[in-house]
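Novice: Sharing a structure, written as structure tokens. Questions coming.
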Amino acid sequence: SFVGSGTVGRAVYDMATRHGKRAQCNMGAKNHAVVLPDCLPEQALNGIVGAAFGAAGQRCMAISVVVLVGAAHALLPDLVAKARALRVGAGADARTEVGPVISAEAKTRVEALVAASIQQGAKAEL
């Protein structure tokens, strides 16, 4: 079972099937976090920040969508503050909490997604 990019997923699937193995490849998936009003705020916020920004958001279980339900919308400023507090830097620096994406192509893709989201009405909080 594989979750990740289309390019890698196709390679995994092709190699597995060439060897007579079954493969399940979920490519380009989005993982959601749904935050309900009765959550434990600190625990929810810490979990979201770790899942969204750990490994620069490039792991199979990275959260790319957060849905704040009802009164949970009040957590948005705290979520933004926690994300802003993360130390961005070089992957080799032990103090870095958010390292670089894997390639120049990945960076270009991220920038294009952010720009398209803003163009479609999203508000960039970070």
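As shown in the structure tokens, the chain order sets the letters A, B, ...; within each chain, residues go from 1, and ligands are also counted from 1 in the order they appear.
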Which of chain A counts as helix (DSSP H, G or I) under DSSP, as a VMD selection string please?

Specialist: chain A and resid 6 to 18 41 to 57 70 to 84 104 to 119

Novice: Can those selected residues be exported to a file as a PDB file, in the first residue's frame so that it contains C-alpha atoms?

Specialist:
ATOM      1  CA  GLY A   6       1.665  10.288  -8.848  1.00  0.00           C
ATOM      2  CA  THR A   7       5.189   9.862 -10.203  1.00  0.00           C
ATOM      3  CA  VAL A   8       6.377   7.666  -7.349  1.00  0.00           C
ATOM      4  CA  GLY A   9       3.038   5.845  -7.123  1.00  0.00           C
ATOM      5  CA  ARG A  10       3.188   4.828 -10.768  1.00  0.00           C
ATOM      6  CA  ALA A  11       6.758   3.581 -10.297  1.00  0.00           C
ATOM      7  CA  VAL A  12       5.759   1.558  -7.207  1.00  0.00           C
ATOM      8  CA  TYR A  13       2.718   0.117  -8.986  1.00  0.00           C
ATOM      9  CA  ASP A  14       4.671  -0.750 -12.158  1.00  0.00           C
ATOM     10  CA  MET A  15       7.448  -2.477 -10.220  1.00  0.00           C
ATOM     11  CA  ALA A  16       5.021  -4.409  -8.019  1.00  0.00           C
ATOM     12  CA  THR A  17       2.895  -5.651 -10.909  1.00  0.00           C
ATOM     13  CA  ARG A  18       5.971  -6.615 -12.977  1.00  0.00           C
ATOM     14  CA  PRO A  41      -7.670  22.726  22.030  1.00  0.00           C
ATOM     15  CA  GLU A  42      -3.981  22.399  22.898  1.00  0.00           C
ATOM     16  CA  GLN A  43      -3.875  18.732  21.935  1.00  0.00           C
ATOM     17  CA  ALA A  44      -5.718  19.389  18.657  1.00  0.00           C
ATOM     18  CA  LEU A  45      -3.509  22.343  17.718  1.00  0.00           C
ATOM     19  CA  ASN A  46      -0.265  20.503  18.492  1.00  0.00           C
ATOM     20  CA  GLY A  47      -1.417  17.472  16.506  1.00  0.00           C
ATOM     21  CA  ILE A  48      -2.369  19.577  13.505  1.00  0.00           C
ATOM     22  CA  VAL A  49       0.872  21.562  13.494  1.00  0.00           C
ATOM     23  CA  GLY A  50       2.961  18.390  13.745  1.00  0.00           C
ATOM     24  CA  ALA A  51       0.987  16.579  11.061  1.00  0.00           C
ATOM     25  CA  ALA A  52       0.829  19.542   8.686  1.00  0.00           C
ATOM     26  CA  PHE A  53       4.404  20.802   8.921  1.00  0.00           C
ATOM     27  CA  GLY A  54       6.463  17.791  10.030  1.00  0.00           C
ATOM     28  CA  ALA A  55       8.744  16.565   7.242  1.00  0.00           C
ATOM     29  CA  ALA A  56       7.857  19.815   5.407  1.00  0.00           C
ATOM     30  CA  GLY A  57       4.398  18.334   4.839  1.00  0.00           C
ATOM     31  CA  GLY A  70     -18.597  25.631  14.539  1.00  0.00           C
ATOM     32  CA  ALA A  71     -16.961  27.191  17.599  1.00  0.00           C
ATOM     33  CA  ALA A  72     -13.662  25.486  16.667  1.00  0.00           C
ATOM     34  CA  HIS A  73     -13.161  28.384  14.206  1.00  0.00           C
ATOM     35  CA  ALA A  74     -11.999  30.371  17.244  1.00  0.00           C
ATOM     36  CA  LEU A  75      -8.836  28.199  17.261  1.00  0.00           C
ATOM     37  CA  LEU A  76      -7.584  29.613  13.941  1.00  0.00           C
ATOM     38  CA  PRO A  77      -5.515  32.475  15.447  1.00  0.00           C
ATOM     39  CA  ASP A  78      -3.816  30.021  17.835  1.00  0.00           C
ATOM     40  CA  LEU A  79      -3.140  27.596  14.982  1.00  0.00           C
ATOM     41  CA  VAL A  80      -1.578  30.386  12.911  1.00  0.00           C
ATOM     42  CA  ALA A  81       0.535  31.519  15.892  1.00  0.00           C
ATOM     43  CA  LYS A  82       1.855  27.982  16.457  1.00  0.00           C
ATOM     44  CA  ALA A  83       2.704  27.608  12.774  1.00  0.00           C
ATOM     45  CA  ARG A  84       4.432  31.000  12.661  1.00  0.00           C
ATOM     46  CA  ALA A 104      12.830  22.774  -6.974  1.00  0.00           C
ATOM     47  CA  GLU A 105       9.831  21.254  -8.767  1.00  0.00           C
ATOM     48  CA  ALA A 106       8.117  20.637  -5.423  1.00  0.00           C
ATOM     49  CA  LYS A 107       8.746  24.238  -4.399  1.00  0.00           C
ATOM     50  CA  THR A 108       7.289  25.508  -7.679  1.00  0.00           C
ATOM     51  CA  ARG A 109       4.230  23.261  -7.193  1.00  0.00           C
ATOM     52  CA  VAL A 110       3.660  24.556  -3.647  1.00  0.00           C
ATOM     53  CA  GLU A 111       3.975  28.168  -4.780  1.00  0.00           C
ATOM     54  CA  ALA A 112       1.523  27.551  -7.639  1.00  0.00           C
ATOM     55  CA  LEU A 113      -1.004  25.908  -5.302  1.00  0.00           C
ATOM     56  CA  VAL A 114      -0.828  28.832  -2.873  1.00  0.00           C
ATOM     57  CA  ALA A 115      -1.192  31.376  -5.683  1.00  0.00           C
ATOM     58  CA  ALA A 116      -4.168  29.503  -7.199  1.00  0.00           C
ATOM     59  CA  SER A 117      -5.843  29.245  -3.796  1.00  0.00           C
ATOM     60  CA  ILE A 118      -5.495  32.981  -3.199  1.00  0.00           C
ATOM     61  CA  GLN A 119      -6.780  33.704  -6.686  1.00  0.00           C
TER      62      GLN A 119
END

Novice: Using only C-alpha atoms, find the one residue out of A:Gly121, A:Arg59, A:Pro37, A:Val69 that sits nearest to Gly4 of chain A.

Specialist: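 Closest to Gly4 of chain A, using only C-alpha atoms: A:Arg59.
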
Novice: Looking only at strand (DSSP E) from DSSP on the backbone, list the matching residues of segment 5-102 of chain A as an NGL selection string.

Specialist: :A and (25-27 or 31-35 or 63-68)

Novice: Write a file of the selected residues as a compact mmCIF listing (two decimals), in the first residue's frame, keeping N, CA, C and O atoms.

Specialist:
# COMPACT_ATOMS: atom_id res chain seq x y z
N CYS A 25 -2.14 1.92 -4.68
CA CYS A 25 -1.43 3.19 -4.71
C CYS A 25 -2.44 4.34 -4.75
O CYS A 25 -3.16 4.50 -5.73
N ASN A 26 -2.47 5.11 -3.67
CA ASN A 26 -3.34 6.27 -3.56
C ASN A 26 -2.46 7.49 -3.84
O ASN A 26 -1.69 7.91 -2.99
N MET A 27 -2.60 8.02 -5.03
CA MET A 27 -1.69 9.08 -5.47
C MET A 27 -2.38 10.44 -5.44
O MET A 27 -3.51 10.58 -5.89
N ASN A 31 -5.17 14.47 3.04
CA ASN A 31 -5.59 14.03 4.36
C ASN A 31 -6.22 15.22 5.08
O ASN A 31 -5.67 16.31 5.09
N HIS A 32 -7.35 14.99 5.69
CA HIS A 32 -8.11 16.04 6.37
C HIS A 32 -8.06 15.85 7.88
O HIS A 32 -8.04 14.73 8.38
N ALA A 33 -8.07 16.96 8.59
CA ALA A 33 -8.27 16.95 10.04
C ALA A 33 -9.55 17.74 10.28
O ALA A 33 -9.69 18.87 9.83
N VAL A 34 -10.49 17.12 10.97
CA VAL A 34 -11.74 17.78 11.30
C VAL A 34 -11.69 18.09 12.79
O VAL A 34 -11.51 17.20 13.62
N VAL A 35 -11.80 19.37 13.13
CA VAL A 35 -11.71 19.82 14.51
C VAL A 35 -13.11 20.22 14.98
O VAL A 35 -13.71 21.15 14.43
N ILE A 63 -1.19 16.32 6.94
CA ILE A 63 -2.52 16.95 6.85
C ILE A 63 -2.39 18.19 5.97
O ILE A 63 -1.62 19.09 6.25
N SER A 64 -3.16 18.19 4.89
CA SER A 64 -3.13 19.35 4.01
C SER A 64 -4.43 20.15 4.08
O SER A 64 -4.52 21.23 3.52
N VAL A 65 -5.43 19.62 4.78
CA VAL A 65 -6.72 20.29 4.90
C VAL A 65 -7.17 20.21 6.36
O VAL A 65 -7.21 19.13 6.94
N VAL A 66 -7.52 21.36 6.94
CA VAL A 66 -8.09 21.40 8.28
C VAL A 66 -9.49 21.98 8.18
O VAL A 66 -9.67 23.06 7.60
N VAL A 67 -10.46 21.27 8.72
CA VAL A 67 -11.85 21.73 8.72
C VAL A 67 -12.20 22.06 10.17
O VAL A 67 -12.23 21.18 11.03
N LEU A 68 -12.43 23.33 10.44
CA LEU A 68 -12.81 23.79 11.78
C LEU A 68 -14.33 23.90 11.81
O LEU A 68 -14.92 24.66 11.06

Novice: How many Å separate atom CA of Gly91 of chain A from atom CA of Leu126 of chain A?

Specialist: 20.5 Å
